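Colleague: Got a structure for you, target_11.txt, holding compact mmCIF, C-alpha atoms.
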# COMPACT_ATOMS: atom_id res chain seq x y z
CA MET Q 1348 -153.16 -106.99 -10.59
CA PRO Q 1349 -152.30 -104.61 -7.70
CA GLY Q 1350 -154.93 -104.49 -5.01
CA GLN Q 1351 -156.62 -107.79 -6.02
CA THR Q 1352 -157.16 -110.61 -3.54
CA ASP Q 1353 -157.96 -114.28 -3.95
CA ARG Q 1354 -161.30 -113.82 -2.24
CA PRO Q 1355 -164.36 -114.34 -4.47
CA HIS Q 1356 -166.43 -111.30 -5.28
CA ALA Q 1357 -169.88 -111.24 -3.69
CA CYS Q 1358 -172.89 -110.16 -5.73
CA ARG Q 1359 -174.05 -106.74 -4.61
CA PRO Q 1360 -177.82 -106.63 -4.12
CA GLU Q 1361 -179.64 -103.93 -6.02
CA SER Q 1362 -180.69 -100.89 -4.01
CA PRO Q 1363 -184.41 -100.34 -3.32
CA THR Q 1364 -184.32 -97.37 -5.69
CA ALA Q 1365 -182.92 -99.51 -8.51
CA ILE Q 1366 -185.51 -102.20 -7.87
CA LYS Q 1367 -188.29 -99.62 -8.10
CA LYS Q 1368 -186.94 -98.41 -11.44
CA ILE Q 1369 -186.81 -101.97 -12.76
CA ASP Q 1370 -190.36 -102.68 -11.56
CA LYS Q 1371 -191.52 -99.50 -13.26
CA TYR Q 1372 -190.39 -100.77 -16.66
CA LEU Q 1373 -191.54 -104.34 -16.06
CA TYR Q 1374 -194.99 -103.23 -14.95
CA ALA Q 1375 -195.98 -102.30 -18.51
CA MET Q 1376 -195.05 -105.84 -19.61
CA ARG Q 1377 -197.40 -107.51 -17.15
CA LEU Q 1378 -200.45 -108.78 -18.99
CA SER Q 1379 -203.73 -109.98 -17.53
CA ASP Q 1380 -205.11 -113.43 -18.31
CA GLU Q 1381 -207.79 -111.81 -20.43
CA THR Q 1382 -205.18 -109.97 -22.52
CA LEU Q 1383 -203.09 -113.12 -22.95
CA ILE Q 1384 -206.16 -115.07 -24.10
CA ASP Q 1385 -207.02 -112.28 -26.55
CA ILE Q 1386 -203.47 -112.31 -27.97
CA MET Q 1387 -203.58 -116.10 -28.30
CA THR Q 1388 -206.95 -115.99 -30.08
CA ARG Q 1389 -205.77 -113.31 -32.51
CA PHE Q 1390 -202.51 -115.18 -33.19
CA LYS Q 1391 -204.32 -118.46 -33.89
CA LYS Q 1392 -206.62 -116.61 -36.29
CA GLU Q 1393 -203.61 -115.20 -38.17
CA LEU Q 1394 -202.05 -118.67 -38.36
CA LYS Q 1395 -205.29 -120.02 -39.82
CA ASN Q 1396 -205.40 -117.18 -42.36
CA GLY Q 1397 -201.83 -117.94 -43.34
CA LEU Q 1398 -202.78 -121.57 -44.03
CA SER Q 1399 -205.77 -120.51 -46.13
CA TRP Q 1400 -205.63 -120.22 -49.92
CA ASP Q 1401 -208.05 -117.30 -49.79
CA PHE Q 1402 -206.29 -115.27 -47.08
CA ASN Q 1403 -202.63 -116.29 -47.41
CA PRO Q 1404 -201.65 -113.42 -49.78
CA THR Q 1405 -202.77 -110.78 -47.28
CA ALA Q 1406 -202.16 -112.68 -44.03
CA THR Q 1407 -200.04 -110.95 -41.40
CA VAL Q 1408 -198.31 -114.23 -40.52
CA LYS Q 1409 -197.03 -115.92 -43.68
CA MET Q 1410 -197.32 -119.70 -43.49
CA LEU Q 1411 -194.91 -121.50 -45.83
CA PRO Q 1412 -195.07 -125.34 -46.00
CA ALA Q 1413 -191.69 -126.98 -45.51
CA PHE Q 1414 -192.47 -130.55 -46.72
CA VAL Q 1415 -190.95 -132.14 -43.63
CA ARG Q 1416 -193.39 -134.83 -42.52
CA SER Q 1417 -191.57 -136.17 -39.44
CA ILE Q 1418 -188.59 -135.68 -37.18
CA PRO Q 1419 -185.61 -138.10 -37.12
CA ASP Q 1420 -185.48 -141.03 -34.71
CA GLY Q 1421 -181.73 -141.70 -34.69
CA SER Q 1422 -181.82 -144.61 -37.15
CA GLU Q 1423 -180.59 -142.45 -40.05
CA LYS Q 1424 -177.38 -143.73 -41.63
CA GLY Q 1425 -174.75 -142.57 -44.14
CA ASP Q 1426 -172.53 -139.60 -44.91
CA PHE Q 1427 -173.97 -136.18 -45.61
CA ILE Q 1428 -173.07 -132.50 -45.67
CA ALA Q 1429 -175.16 -129.66 -44.29
CA LEU Q 1430 -174.90 -126.04 -45.44
CA ASP Q 1431 -176.34 -123.20 -43.38
CA LEU Q 1432 -176.69 -119.83 -45.11
CA GLY Q 1433 -178.65 -117.00 -43.62
CA GLY Q 1434 -176.87 -115.03 -40.92
CA SER Q 1435 -173.50 -113.36 -40.87
CA SER Q 1436 -171.63 -116.44 -42.08
CA LEU Q 1437 -171.81 -119.74 -43.93
CA ARG Q 1438 -171.63 -122.88 -41.82
CA ILE Q 1439 -170.69 -126.26 -43.28
CA LEU Q 1440 -171.02 -129.55 -41.42
CA TRP Q 1441 -170.07 -133.09 -42.39
CA LYS Q 1442 -171.44 -136.17 -40.64
CA ASN Q 1443 -169.78 -139.47 -41.46
CA GLN Q 1444 -170.94 -143.03 -40.90
CA ASN Q 1445 -169.29 -143.11 -37.48
CA VAL Q 1446 -171.71 -140.38 -36.36
CA ARG Q 1447 -168.77 -138.04 -36.06
CA MET Q 1448 -169.51 -134.46 -37.01
CA GLU Q 1449 -167.00 -131.91 -38.22
CA SER Q 1450 -167.84 -128.33 -39.09
CA GLU Q 1451 -166.34 -125.03 -40.16
CA VAL Q 1452 -167.55 -121.44 -40.44
CA TYR Q 1453 -166.81 -119.22 -43.46
CA ASP Q 1454 -167.24 -115.46 -43.66
CA ILE Q 1455 -169.44 -113.87 -46.31
CA PRO Q 1456 -167.86 -110.55 -47.38
CA GLU Q 1457 -170.10 -107.50 -47.81
CA ASN Q 1458 -169.31 -107.29 -51.53
CA ILE Q 1459 -170.67 -110.83 -51.92
CA VAL Q 1460 -173.79 -110.12 -49.86
CA HIS Q 1461 -174.56 -107.03 -51.96
CA GLY Q 1462 -173.26 -108.39 -55.26
CA SER Q 1463 -174.90 -110.67 -57.82
CA GLY Q 1464 -176.60 -113.96 -57.14
CA SER Q 1465 -173.97 -115.82 -59.17
CA GLN Q 1466 -171.22 -114.29 -57.01
CA LEU Q 1467 -173.00 -115.38 -53.84
CA PHE Q 1468 -173.53 -118.99 -54.88
CA ASP Q 1469 -170.08 -119.22 -56.46
CA HIS Q 1470 -168.73 -118.19 -53.06
CA VAL Q 1471 -170.80 -120.88 -51.32
CA ALA Q 1472 -169.57 -123.47 -53.84
CA GLU Q 1473 -165.98 -122.33 -53.29
CA CYS Q 1474 -166.31 -122.65 -49.51
CA LEU Q 1475 -167.86 -126.10 -49.91
CA GLY Q 1476 -164.95 -127.15 -52.13
CA ASP Q 1477 -162.45 -125.84 -49.59
CA PHE Q 1478 -164.21 -127.73 -46.78
CA MET Q 1479 -164.28 -131.00 -48.72
CA ALA Q 1480 -160.61 -130.61 -49.62
CA LYS Q 1481 -159.66 -130.11 -45.96
CA LYS Q 1482 -161.65 -133.19 -44.95
CA GLU Q 1483 -160.25 -135.15 -47.93
CA ILE Q 1484 -163.70 -136.12 -49.18
CA LYS Q 1485 -163.69 -134.53 -52.64
CA ASP Q 1486 -163.72 -137.99 -54.18
CA LYS Q 1487 -167.00 -138.87 -52.45
CA LYS Q 1488 -170.45 -138.26 -53.89
CA LEU Q 1489 -172.29 -136.79 -50.92
CA HIS Q 1490 -175.87 -135.73 -50.38
CA VAL Q 1491 -176.24 -132.15 -49.19
CA GLY Q 1492 -178.91 -130.62 -47.00
CA PHE Q 1493 -179.26 -126.87 -47.49
CA THR Q 1494 -180.50 -124.62 -44.67
CA PHE Q 1495 -181.57 -121.38 -46.35
CA SER Q 1496 -182.90 -118.96 -43.75
CA PHE Q 1497 -185.05 -116.69 -45.89
CA PRO Q 1498 -188.76 -116.76 -46.85
CA CYS Q 1499 -189.20 -119.18 -49.73
CA GLN Q 1500 -192.07 -120.77 -51.61
CA GLN Q 1501 -191.62 -124.53 -51.88
CA SER Q 1502 -193.41 -127.04 -54.06
CA LYS Q 1503 -191.17 -129.96 -53.05
CA ILE Q 1504 -188.41 -130.78 -50.59
CA ASP Q 1505 -185.54 -129.94 -52.97
CA GLU Q 1506 -186.88 -126.68 -54.36
CA ALA Q 1507 -187.14 -123.23 -52.76
CA VAL Q 1508 -188.03 -120.06 -54.65
CA LEU Q 1509 -186.86 -116.99 -52.75
CA ILE Q 1510 -189.75 -114.61 -52.07
CA THR Q 1511 -187.67 -111.75 -50.75
CA TRP Q 1512 -184.30 -111.14 -49.16
CA THR Q 1513 -184.24 -110.20 -45.48
CA LYS Q 1514 -181.54 -109.19 -43.01
CA ARG Q 1515 -178.49 -107.73 -44.77
CA PHE Q 1516 -178.66 -109.82 -47.96
CA LYS Q 1517 -179.33 -108.04 -51.26
CA ALA Q 1518 -177.71 -110.24 -53.91
CA SER Q 1519 -179.33 -109.50 -57.28
CA SER Q 1520 -181.24 -111.91 -59.54
CA VAL Q 1521 -182.08 -114.33 -56.73
CA GLU Q 1522 -185.56 -113.22 -55.70
CA GLY Q 1523 -188.06 -115.29 -57.67
CA ALA Q 1524 -185.46 -117.96 -58.46
CA ASP Q 1525 -184.95 -121.47 -57.12
CA VAL Q 1526 -181.93 -121.26 -54.80
CA VAL Q 1527 -181.29 -125.00 -55.07
CA LYS Q 1528 -180.85 -124.70 -58.83
CA LEU Q 1529 -178.55 -121.71 -58.36
CA LEU Q 1530 -176.36 -123.61 -55.91
CA ASN Q 1531 -176.31 -126.79 -58.01
CA LYS Q 1532 -175.31 -124.70 -61.02
CA ALA Q 1533 -172.44 -123.14 -59.06
CA THR Q 1534 -171.12 -126.50 -57.80
CA LYS Q 1535 -171.33 -128.13 -61.23
CA LYS Q 1536 -169.51 -125.16 -62.79
CA ARG Q 1537 -166.53 -125.92 -60.57
CA GLY Q 1538 -166.40 -129.58 -61.60
CA ASP Q 1539 -163.91 -130.60 -58.89
CA TYR Q 1540 -166.40 -132.36 -56.59
CA ASP Q 1541 -169.84 -133.99 -56.77
CA ALA Q 1542 -172.42 -132.69 -54.30
CA ASN Q 1543 -176.14 -133.14 -54.82
CA ILE Q 1544 -178.61 -130.89 -52.96
CA VAL Q 1545 -181.37 -133.27 -51.86
CA ALA Q 1546 -183.27 -131.07 -49.39
CA VAL Q 1547 -183.70 -127.42 -48.49
CA VAL Q 1548 -185.22 -126.14 -45.24
CA ASN Q 1549 -185.54 -122.97 -43.20
CA ASP Q 1550 -183.31 -122.67 -40.13
CA THR Q 1551 -186.34 -122.98 -37.86
CA VAL Q 1552 -187.16 -126.35 -39.42
CA GLY Q 1553 -183.54 -127.43 -39.07
CA THR Q 1554 -183.65 -126.50 -35.38
CA MET Q 1555 -186.83 -128.48 -34.84
CA ILE Q 1556 -185.40 -131.51 -36.64
CA ILE Q 1557 -182.11 -131.61 -34.72
CA CYS Q 1558 -183.95 -131.27 -31.40
CA GLY Q 1559 -185.98 -134.31 -32.41
CA TYR Q 1560 -182.97 -136.49 -31.65
CA ASP Q 1561 -183.27 -135.54 -27.97
CA ASP Q 1562 -187.04 -135.29 -27.75
CA GLN Q 1563 -189.36 -137.15 -30.10
CA GLN Q 1564 -192.21 -134.91 -28.94
CA CYS Q 1565 -190.51 -131.76 -30.27
CA GLU Q 1566 -192.75 -130.13 -32.86
CA VAL Q 1567 -191.70 -126.47 -32.68
CA GLY Q 1568 -188.59 -124.67 -33.90
CA LEU Q 1569 -187.71 -121.10 -32.93
CA ILE Q 1570 -184.88 -118.81 -34.08
CA ILE Q 1571 -184.09 -115.52 -32.33
CA GLY Q 1572 -180.92 -114.13 -33.90
CA THR Q 1573 -180.16 -111.96 -36.93
CA GLY Q 1574 -183.83 -112.56 -37.71
CA THR Q 1575 -186.75 -114.04 -35.76
CA ASN Q 1576 -188.89 -116.87 -37.07
CA ALA Q 1577 -190.68 -120.02 -35.95
CA CYS Q 1578 -192.11 -123.25 -37.33
CA TYR Q 1579 -194.32 -126.06 -36.05
CA MET Q 1580 -195.74 -129.37 -37.25
CA GLU Q 1581 -199.26 -128.91 -38.65
CA GLU Q 1582 -201.82 -131.50 -39.75
CA LEU Q 1583 -202.35 -131.53 -43.52
CA ARG Q 1584 -206.12 -131.27 -43.09
CA HIS Q 1585 -205.62 -127.76 -41.68
CA ILE Q 1586 -203.68 -126.53 -44.70
CA ASP Q 1587 -205.95 -125.02 -47.32
CA LEU Q 1588 -203.24 -124.22 -49.86
CA PRO Q 1589 -203.09 -125.49 -53.49
CA LEU Q 1590 -202.59 -129.25 -53.77
CA GLU Q 1591 -199.50 -128.83 -55.95
CA MET Q 1592 -197.82 -127.13 -53.00
CA MET Q 1593 -198.38 -130.19 -50.82
CA ASP Q 1594 -196.90 -132.93 -53.01
CA PRO Q 1595 -194.10 -134.67 -51.08
Please go through the file and, once you have read it, give me the structure as structure tokens.

Modeller:
Amino acid sequence: MPGQTDRPHACRPESPTAIKKIDKYLYAMRLSDETLIDIMTRFKKELKNGLSWDFNPTATVKMLPAFVRSIPDGSEKGDFIALDLGGSSLRILWKNQNVRMESEVYDIPENIVHGSGSQLFDHVAECLGDFMAKKEIKDKKLHVGFTFSFPCQQSKIDEAVLITWTKRFKASSVEGADVVKLLNKATKKRGDYDANIVAVVNDTVGTMIICGYDDQQCEVGLIIGTGTNACYMEELRHIDLPLEMMDP
């Protein structure tokens, strides 16, 4: 470009006036130790209420058991597929026995997002079929892990009843239904491949699990994206929810 040189650009320091403006806005975000302790105490109380059978329905922080009892240690073997539905797209990943991972991202059109539940899961099943065809694995019977990034009530690892849609999703006839059954129904309707959904988790749980490969002490998952959510490993003795919700 005319006028350009090969010399690197130096970072221009902010002027004192600009720094004062920045400090003005940051000042309101500075919290005393007493305030931080108060926030922590209140937050822990809300977590406890969310884990309580008596207070869960009205708790500010909803606590939803995920039925994941441990993080992986790297000894896991075999082929599997992972589906990730919850943001602006559908992500599909395949891990083979050679620990090689291949993935692809599929768009979710607005008419699908705002259409019927059957249209949504038919679209997911179609994308899965396309992915398996490209990888030439349609003849394999593969286990599928389903990351479904919406608030769900679970009674076991392969069941998730959608409580309510969030973000931009509004597909009808899905709230109050088991999304695993809806997806299995859509894949079986196609009949051109065999994929069995063996586990469903929230994206925060998926994040915590995958980080476990690098750090066995990882017990927290956090998502800040289209939506914001978090998970952590809790001791069963602190969960005062119905026993049927805690069966593995």

Colleague: When you look at Ile1418 (chain Q) with a cut-off of 10 Å (counting only C-alpha atoms), what residues show up, excluding the ones that are within fewer than 5 positions of it in the same chain? I need them as a list in words.

Modeller: Val1552, Gly1553, Met1555, Ile1556, Ile1557, Cys1558, Gly1559, Tyr1560, Asp1562, Gln1563, Gln1564, Cys1565, Glu1566 and Met1580 of chain Q

Colleague: I'd like the neighbourhood of Thr1511 (chain Q) as a list in words, where a residue qualifies if any of its atoms comes within 12 Å (using all atoms listed in the file), though same-chain residues fewer than 5 positions away should be ignored.

Modeller: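 The residues satisfying every condition are Ser1496, Phe1497, Pro1498, Cys1499, Gln1500, Phe1516, Lys1517, Ala1518, Ser1519, Ser1520, Val1521, Glu1522, Gly1523, Ala1524, Asp1525 and Val1526 of chain Q.
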
Colleague: Take the selection from the previous step and output its residues with C-alpha atoms, as a PDB file, in the frame of the given file.

Modeller:
ATOM      1  CA  SER Q1496    -182.900-118.960 -43.750  1.00  0.00           C
ATOM      2  CA  PHE Q1497    -185.050-116.690 -45.890  1.00  0.00           C
ATOM      3  CA  PRO Q1498    -188.760-116.760 -46.850  1.00  0.00           C
ATOM      4  CA  CYS Q1499    -189.200-119.180 -49.730  1.00  0.00           C
ATOM      5  CA  GLN Q1500    -192.070-120.770 -51.610  1.00  0.00           C
ATOM      6  CA  PHE Q1516    -178.660-109.820 -47.960  1.00  0.00           C
ATOM      7  CA  LYS Q1517    -179.330-108.040 -51.260  1.00  0.00           C
ATOM      8  CA  ALA Q1518    -177.710-110.240 -53.910  1.00  0.00           C
ATOM      9  CA  SER Q1519    -179.330-109.500 -57.280  1.00  0.00           C
ATOM     10  CA  SER Q1520    -181.240-111.910 -59.540  1.00  0.00           C
ATOM     11  CA  VAL Q1521    -182.080-114.330 -56.730  1.00  0.00           C
ATOM     12  CA  GLU Q1522    -185.560-113.220 -55.700  1.00  0.00           C
ATOM     13  CA  GLY Q1523    -188.060-115.290 -57.670  1.00  0.00           C
ATOM     14  CA  ALA Q1524    -185.460-117.960 -58.460  1.00  0.00           C
ATOM     15  CA  ASP Q1525    -184.950-121.470 -57.120  1.00  0.00           C
ATOM     16  CA  VAL Q1526    -181.930-121.260 -54.800  1.00  0.00           C
TER      17      VAL Q1526
END

Colleague: Have a look at Q:Gly1572, Q:Gly1476, Q:Pro1419, Q:Pro1456 and name the one nearest to Ile1439 (chain Q); count only C-alpha atoms.

Modeller: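 Distance minimum relative to Ile1439 (chain Q) lands on Q:Gly1476.
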
Colleague: Which residue out of Q:Gln1466, Q:Asn1549, Q:Ser1362, Q:Thr1534 has the minimum interatomic distance to Glu1506 (chain Q) when only C-alpha atoms are used?

Modeller: Q:Asn1549

Colleague: What is the distance, in Å and to one decimal place, between CA of Leu1440 (chain Q) and CA of Ile1428 (chain Q)?

Modeller: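 CA of Ile1428 (chain Q) lies 5.6 Å from CA of Leu1440 (chain Q).
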
Colleague: Might you pull out every residue within 10 Å of Cys1474 (chain Q), with all atoms listed in the file counted and same-chain residues fewer than 2 positions away left off, and present them as a ChimeraX atom specification?

Modeller: /Q:1437-1439,1451-1455,1468-1472,1476-1480

Colleague: Pick the closest to Ser1465 (chain Q) from Q:Ser1379, Q:Thr1513, Q:Asn1403, Q:Asn1531: which is it, counting all atoms listed in the file?

Modeller: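 Ranked by minimum distance to Ser1465 (chain Q), first place goes to Q:Asn1531.
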
Colleague: Can you list, as a list in words, every protein, DNA or RNA residue that comes within 10 Å of Glu1581 (chain Q) when you count all atoms listed in the file, leaving out same-chain residues fewer than 5 positions away?

Modeller: Leu1398, Pro1412, Arg1416, Glu1566, Val1567 and Ile1586 of chain Q

Colleague: Could you work out how far CA of Lys1488 (chain Q) lies from CA of Ala1542 (chain Q), giving the answer in Å with one decimal?

Modeller: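 Pair CA of Ala1542 (chain Q) / CA of Lys1488 (chain Q) returns 5.9 Å.
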
Colleague: Just want the 10 Å neighbourhood of Val1545 (chain Q), counted on all atoms listed in the file, with same-chain residues fewer than 6 positions away dropped. Output as a list of chain:residue names.

Modeller: Q:Leu1489, Q:His1490, Q:Val1491, Q:Gly1492, Q:Phe1493, Q:Ile1504, Q:Asp1505, Q:Glu1506, Q:Val1527

Colleague: What does the structure give for the distance between CA of Leu1383 (chain Q) and CA of Gly1568 (chain Q), in Å to one decimal?

Modeller: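 The value is 21.5 Å.
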
Colleague: I'd like the box whose edges run along x, y and z of the file and which contains every listed atom of region 1422-1432 of chain Q, padded by 5 Å per side; could you state its centre and edge lengths in Å, one decimal, as lines of an AutoDock Vina configuration file?

Modeller:
center_x = -177.2
center_y = -132.2
center_z = -41.4
size_x = 19.3
size_y = 34.8
size_z = 18.5

Colleague: Using all atoms listed in the file, can you tell me which of Q:Met1448, Q:Ala1507, Q:Asp1541, Q:Ser1436 comes closest to Asp1486 (chain Q)?

Modeller: Q:Asp1541

Colleague: Closest to Phe1427 (chain Q) among Q:Tyr1372, Q:Val1460, Q:Thr1573, Q:Asn1543, using all atoms listed in the file?

Modeller: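 Closest candidate: Q:Asn1543.
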
Colleague: Which residue is closest to Lys1485 (chain Q)? Choose from Q:Gly1464, Q:Gly1434, Q:Pro1404, Q:Gly1538 and count all atoms listed in the file.

Modeller: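 Of all the options, Q:Gly1538 lies closest to Lys1485 (chain Q).
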